Number of protein chains: 2
Amino acid sequence: MFDFVKRGGLAGVEAGETAICSVGHEANNLTYRGYTIQDLVKFASYEEVAYLLIYGKLPTAKILNEFKQELIKYQSLPPQICNILEQLPATSSPMDVLRTSCSALGNIRPESATNTQYAIATALIPFLVSSLFYWHYFTTSGKKINTVTQQSTIAGHILALLTMQTPNETMRQALNASLILYAEHEFNASTFAARVCVATGADFYGPITAAIATLSGPLHGGANEEAMHLIEKYATPAAAIEGVREMLREKKLIMGFGHRVYKTSDPRTEFIKKIAADVNTERGKTLYAVANAIETEVWDTKKLFPNLDFYSALAYDYLGFPKEMFTPLFVFARVAGWSAHIIEQRANNKLIRPNAAYIGPGVQKFIPLDERKD
Amino acid sequence: MFDFVKRGGLAGVEAGETAICSVGHEANNLTYRGYTIQDLVKFASYEEVAYLLIYGKLPTAKILNEFKQELIKYQSLPPQICNILEQLPATSSPMDVLRTSCSALGNIRPESATNTQYAIATALIPFLVSSLFYWHYFTTSGKKINTVTQQSTIAGHILALLTMQTPNETMRQALNASLILYAEHEFNASTFAARVCVATGADFYGPITAAIATLSGPLHGGANEEAMHLIEKYATPAAAIEGVREMLREKKLIMGFGHRVYKTSDPRTEFIKKIAADVNTERGKTLYAVANAIETEVWDTKKLFPNLDFYSALAYDYLGFPKEMFTPLFVFARVAGWSAHIIEQRANNKLIRPNAAYIGPGVQKFIPLDERKD
């Protein structure tokens, strides 16, 4: 086992089984419940994909309609949640707001025989969206918004709250596609944290809270935000090439490139890149040209390909989201995948408790307080 | 690698390295930073142990005094936290209250160059205690208590808030010992969740929130509460023996017995059992006799030994804590260990991202919505 520790981070170690998602099997591809990401992003809605992940099969038209009605029902926030969100300062990280709101909801609508894991998995999707925007408007303008948009899609709900207008259909479809791409990804760090958490028998909100906490880091969900910081730094492709060369010389990490599991490319990139390429604003065109230059430079020098996070930064900028909402958008999509993994872990549970290789001191003689030296 | 998956739960897999704690090495013993649990529980205070875990060495008298002053400083709650705690219903699980309070504090006192990981590690210990009792008194009696007790020990702070009186010194020492026993335990599930979380680069509050969520499950921190439910069920040792025999025949899990890592006994049990044995009330004596009968029966039938959680249930009952505070007491102790692991993980970080063994369907043809059958 020593080599696992050497490689570290459980890289390449199979930590359990899943029937939800395959990553990097069959021609380096990604499937959810056996359906390829290509088919899902072309033919499905995010609501169908969320249902597929949570319930294990594609819904019929009738069931999908019922599911969407449930999603609308949970757009409203309990008053206690509004009160709590009003206590969180404008300087909060939006990810910390989501983590707190999710955890708080576990107190107010606890899991029970009548509030089942399936009901919570459904409710959390619109709830998290509504939470973020309620806090956003309250702390930026003091407005207590009504979070019920009556939009029957999650992409529509998000855009309606972002713009406070009826969503543009092209924008809505682009966001829908990005939500599908982000919905699930096997034992990524946040999903794995959720499984470690729920394996102790924790309630449904516990592992989702743990997953949001885990996704917040720049080595995981925070990567798209970091990618945007990088892309925005350069006014021209030439400046980007020079800047990135310098970073690579200094062995700095370039966010949004390479992947722990995919070795040759990320099958999601072509779709998110297409959304980013559709941009028709001056700003968007410049960012896209800069991003392309960075992609070429990183590939030429390091043979690293852009992953989903790199071009999603541009897509989200194009759709009008401020940078600090990029990682929350990842949450709104991935919460479906997390829920699927929580349900799967529970169905065949075993406590996840590894060992550590001990590298500390041998047994030491205890030194009484008054005999200790600086 | 297949056998790991078969065994499941990463049992026996070394998921990383640690210099903080050794479990089950050298005569089945437990050490924190090389000091045996026997020495620590006999000669140290919980504050010394917390400092040892977080900073890596025993404090001098002067440094310990400064550390205790810091612990007192953080007994007070920010007003936003009080407002948030007032929104959480009396029916909440206290673990969900702690999870929410910790997450919320990350918004209000975020990690920064001036609010370092060491400052947060220190602050969280009294903060979590104060949070629980503020919520407890507010929801049970409407009182908004002052959480500043000026007690210079965590055991004293806890007992002062529990009883609203100056703590009894014998009780305080017993609680102090139990906090030491619970302070740290290598890659247990909650600590491992904290490491998975912080390895993405999450802020300090994220992994602690994830750890609280993970500890809440009955297969982990919730075990002492579950043990108490069992012990309380029986009026006499004879009834207990009969009841437990029945449970074992039905292959039911008896909480508080056996351990993933210890194979022959739990070195912490003798100390916690001693505290429980000191009880001098009628109720306490009956519970102790019942617990003893259960211990003997489980050993005779299954050769499983009681772990720390089994007798800690009795110790906490004796100290006057309601059952639902047993797992929070585990939090108040273990938060020092979690913090030590977060600091250690950051010092030599690598993303923790295992693979999964895929057991789902092969690639399936996508079925358009209107062609799907029930």
# chains A, B, ... in the order shown; residues from 1 in each chain; ligands from 1
>>> residues_around(residues="region 340-353 of chain B", least_positions_apart="6", cutoff="8 Å", atoms="only C-alpha atoms", output="list in words")
Gly8, Gly9, Leu10, Ala11, Phe187, Asn188, Ala189, Phe192, Leu219 and Arg260 of chain A; Thr18, Ile20, Leu53, Ile54, Tyr55, Gln117, Thr191, Ala194, Arg195, Val196, Val198, Ala199, Thr200, Gly201, Phe204 and Pro207 of chain B
>>> closest_residue(among="A:Ala210, A:Met171, A:Ala239, A:Val23", to="chain B", atoms="only C-alpha atoms")
A:Ala210
>>> residues_around(residues="Cys102 (chain A)", least_positions_apart="3", cutoff="8 Å", atoms="only C-alpha atoms", output="PyMOL selection string")
chain A and resi 98-99+105-106+124+128+205+208-209
>>> residues_around(residues="Asp370 (chain B)", least_positions_apart="5", cutoff="10 Å", atoms="only C-alpha atoms", output="ChimeraX atom specification")
/A:60-62
>>> write_last_selection(atoms="N, CA and C atoms", output="mmCIF file, in the first residue's frame")
data_model
loop_
_atom_site.group_PDB
_atom_site.id
_atom_site.type_symbol
_atom_site.label_atom_id
_atom_site.label_comp_id
_atom_site.auth_asym_id
_atom_site.auth_seq_id
_atom_site.Cartn_x
_atom_site.Cartn_y
_atom_site.Cartn_z
ATOM 1 N N THR A 60 -40.716 9.850 -17.626
ATOM 2 C CA THR A 60 -41.693 10.024 -18.714
ATOM 3 C C THR A 60 -42.120 11.496 -18.719
ATOM 4 N N ALA A 61 -42.849 11.891 -19.766
ATOM 5 C CA ALA A 61 -43.294 13.291 -19.864
ATOM 6 C C ALA A 61 -44.141 13.665 -18.647
ATOM 7 N N LYS A 62 -45.010 12.736 -18.235
ATOM 8 C CA LYS A 62 -45.896 13.006 -17.094
ATOM 9 C C LYS A 62 -45.085 13.185 -15.796
#
>>> residues_around(residues="Leu369 (chain A)", least_positions_apart="6", cutoff="12 Å", atoms="only C-alpha atoms", output="ChimeraX atom specification")
/B:40,43-45,47-49,57-65
>>> residues_around(residues="Lys303 (chain A)", least_positions_apart="4", cutoff="10 Å", atoms="only C-alpha atoms", output="PDB file with C-alpha atoms, in the first residue's frame")
ATOM      1  CA  PHE A 257      -6.205  22.693 -17.158  1.00  0.00           C
ATOM      2  CA  GLY A 258      -5.628  18.943 -16.927  1.00  0.00           C
ATOM      3  CA  THR A 264      -6.045  13.177 -23.071  1.00  0.00           C
ATOM      4  CA  GLU A 295      -5.121  27.171 -24.292  1.00  0.00           C
ATOM      5  CA  THR A 296      -2.583  26.941 -27.134  1.00  0.00           C
ATOM      6  CA  GLU A 297       0.329  28.035 -24.968  1.00  0.00           C
ATOM      7  CA  VAL A 298      -0.460  25.594 -22.139  1.00  0.00           C
ATOM      8  CA  TRP A 299      -0.902  22.763 -24.631  1.00  0.00           C
TER       9      TRP A 299
END
>>> residues_around(residues="Thr170 (chain B)", least_positions_apart="5", cutoff="10 Å", atoms="only C-alpha atoms", output="MDAnalysis selection string")
chainID B and resid 175:176 319
>>> closest_residue(among="A:Ile125, A:Leu77, A:Val290, A:Ile272", to="Lys144 (chain A)", atoms="only C-alpha atoms")
A:Leu77
>>> atom_distance(atom1="CA of Met95 (chain B)", atom2="CA of Ile81 (chain B)")
15.8 Å
>>> select_by_dssp(residues="region 9-67 of chain A", states="helix (DSSP H, G or I)", output="NGL selection string")
:A and (25-28 or 37-43 or 46-55 or 61-67)
>>> atom_distance(atom1="CA of Ala19 (chain B)", atom2="CA of Leu181 (chain B)")
17.9 Å
>>> closest_residue(among="A:Glu282, A:Glu186, A:Asp309, A:Asp96", to="Gly221 (chain A)", atoms="only C-alpha atoms")
A:Asp309
>>> closest_residue(among="B:Ala177, B:Ile359, B:Val244, B:Ile37", to="chain A", atoms="only C-alpha atoms")
B:Ile359
>>> atom_distance(atom1="CA of Leu308 (chain B)", atom2="CA of Met255 (chain B)")
10.8 Å
>>> closest_residue(among="A:Leu161, A:Leu30, A:Leu314, A:Ala336", to="chain B", atoms="only C-alpha atoms")
A:Leu30
>>> decode(residues="region 40-88 of chain B", atoms="C-alpha atoms", output="JSON list (two decimals), in the first residue's frame")
[["chain", "number", "residue", "atom", "x", "y", "z"],
["B", 40, "LEU", "CA", -2.09, 12.87, 28.86],
["B", 41, "VAL", "CA", -5.25, 11.90, 30.69],
["B", 42, "LYS", "CA", -3.40, 11.60, 33.99],
["B", 43, "PHE", "CA", -1.12, 14.64, 33.85],
["B", 44, "ALA", "CA", -2.45, 17.16, 31.32],
["B", 45, "SER", "CA", -5.36, 19.55, 30.94],
["B", 46, "TYR", "CA", -7.52, 19.61, 27.82],
["B", 47, "GLU", "CA", -6.09, 23.04, 26.99],
["B", 48, "GLU", "CA", -2.54, 21.63, 26.99],
["B", 49, "VAL", "CA", -3.68, 18.78, 24.77],
["B", 50, "ALA", "CA", -5.49, 21.12, 22.36],
["B", 51, "TYR", "CA", -2.37, 23.27, 22.15],
["B", 52, "LEU", "CA", -0.20, 20.18, 21.64],
["B", 53, "LEU", "CA", -2.40, 18.98, 18.79],
["B", 54, "ILE", "CA", -2.72, 22.34, 17.04],
["B", 55, "TYR", "CA", 0.83, 23.63, 17.47],
["B", 56, "GLY", "CA", 2.67, 20.29, 17.57],
["B", 57, "LYS", "CA", 4.33, 20.64, 20.98],
["B", 58, "LEU", "CA", 3.45, 21.01, 24.64],
["B", 59, "PRO", "CA", 3.13, 24.65, 25.75],
["B", 60, "THR", "CA", 5.27, 26.23, 28.43],
["B", 61, "ALA", "CA", 3.40, 27.62, 31.45],
["B", 62, "LYS", "CA", 3.58, 31.12, 29.96],
["B", 63, "ILE", "CA", 2.30, 30.08, 26.53],
["B", 64, "LEU", "CA", -0.44, 27.95, 28.05],
["B", 65, "ASN", "CA", -1.62, 30.94, 30.02],
["B", 66, "GLU", "CA", -1.77, 33.08, 26.87],
["B", 67, "PHE", "CA", -3.63, 30.31, 25.05],
["B", 68, "LYS", "CA", -6.19, 30.14, 27.86],
["B", 69, "GLN", "CA", -6.68, 33.90, 27.69],
["B", 70, "GLU", "CA", -7.45, 33.52, 23.99],
["B", 71, "LEU", "CA", -9.96, 30.77, 24.77],
["B", 72, "ILE", "CA", -11.73, 33.09, 27.23],
["B", 73, "LYS", "CA", -11.74, 35.92, 24.67],
["B", 74, "TYR", "CA", -13.69, 33.78, 22.22],
["B", 75, "GLN", "CA", -16.44, 32.80, 24.68],
["B", 76, "SER", "CA", -18.55, 35.72, 23.44],
["B", 77, "LEU", "CA", -20.72, 35.37, 20.34],
["B", 78, "PRO", "CA", -20.98, 37.95, 17.53],
["B", 79, "PRO", "CA", -24.51, 39.46, 17.51],
["B", 80, "GLN", "CA", -25.25, 38.04, 14.02],
["B", 81, "ILE", "CA", -24.58, 34.55, 15.36],
["B", 82, "CYS", "CA", -27.04, 35.11, 18.21],
["B", 83, "ASN", "CA", -29.64, 36.27, 15.68],
["B", 84, "ILE", "CA", -29.04, 33.19, 13.55],
["B", 85, "LEU", "CA", -29.21, 30.81, 16.50],
["B", 86, "GLU", "CA", -32.55, 32.36, 17.47],
["B", 87, "GLN", "CA", -33.95, 31.27, 14.09],
["B", 88, "LEU", "CA", -33.22, 27.60, 14.70]]
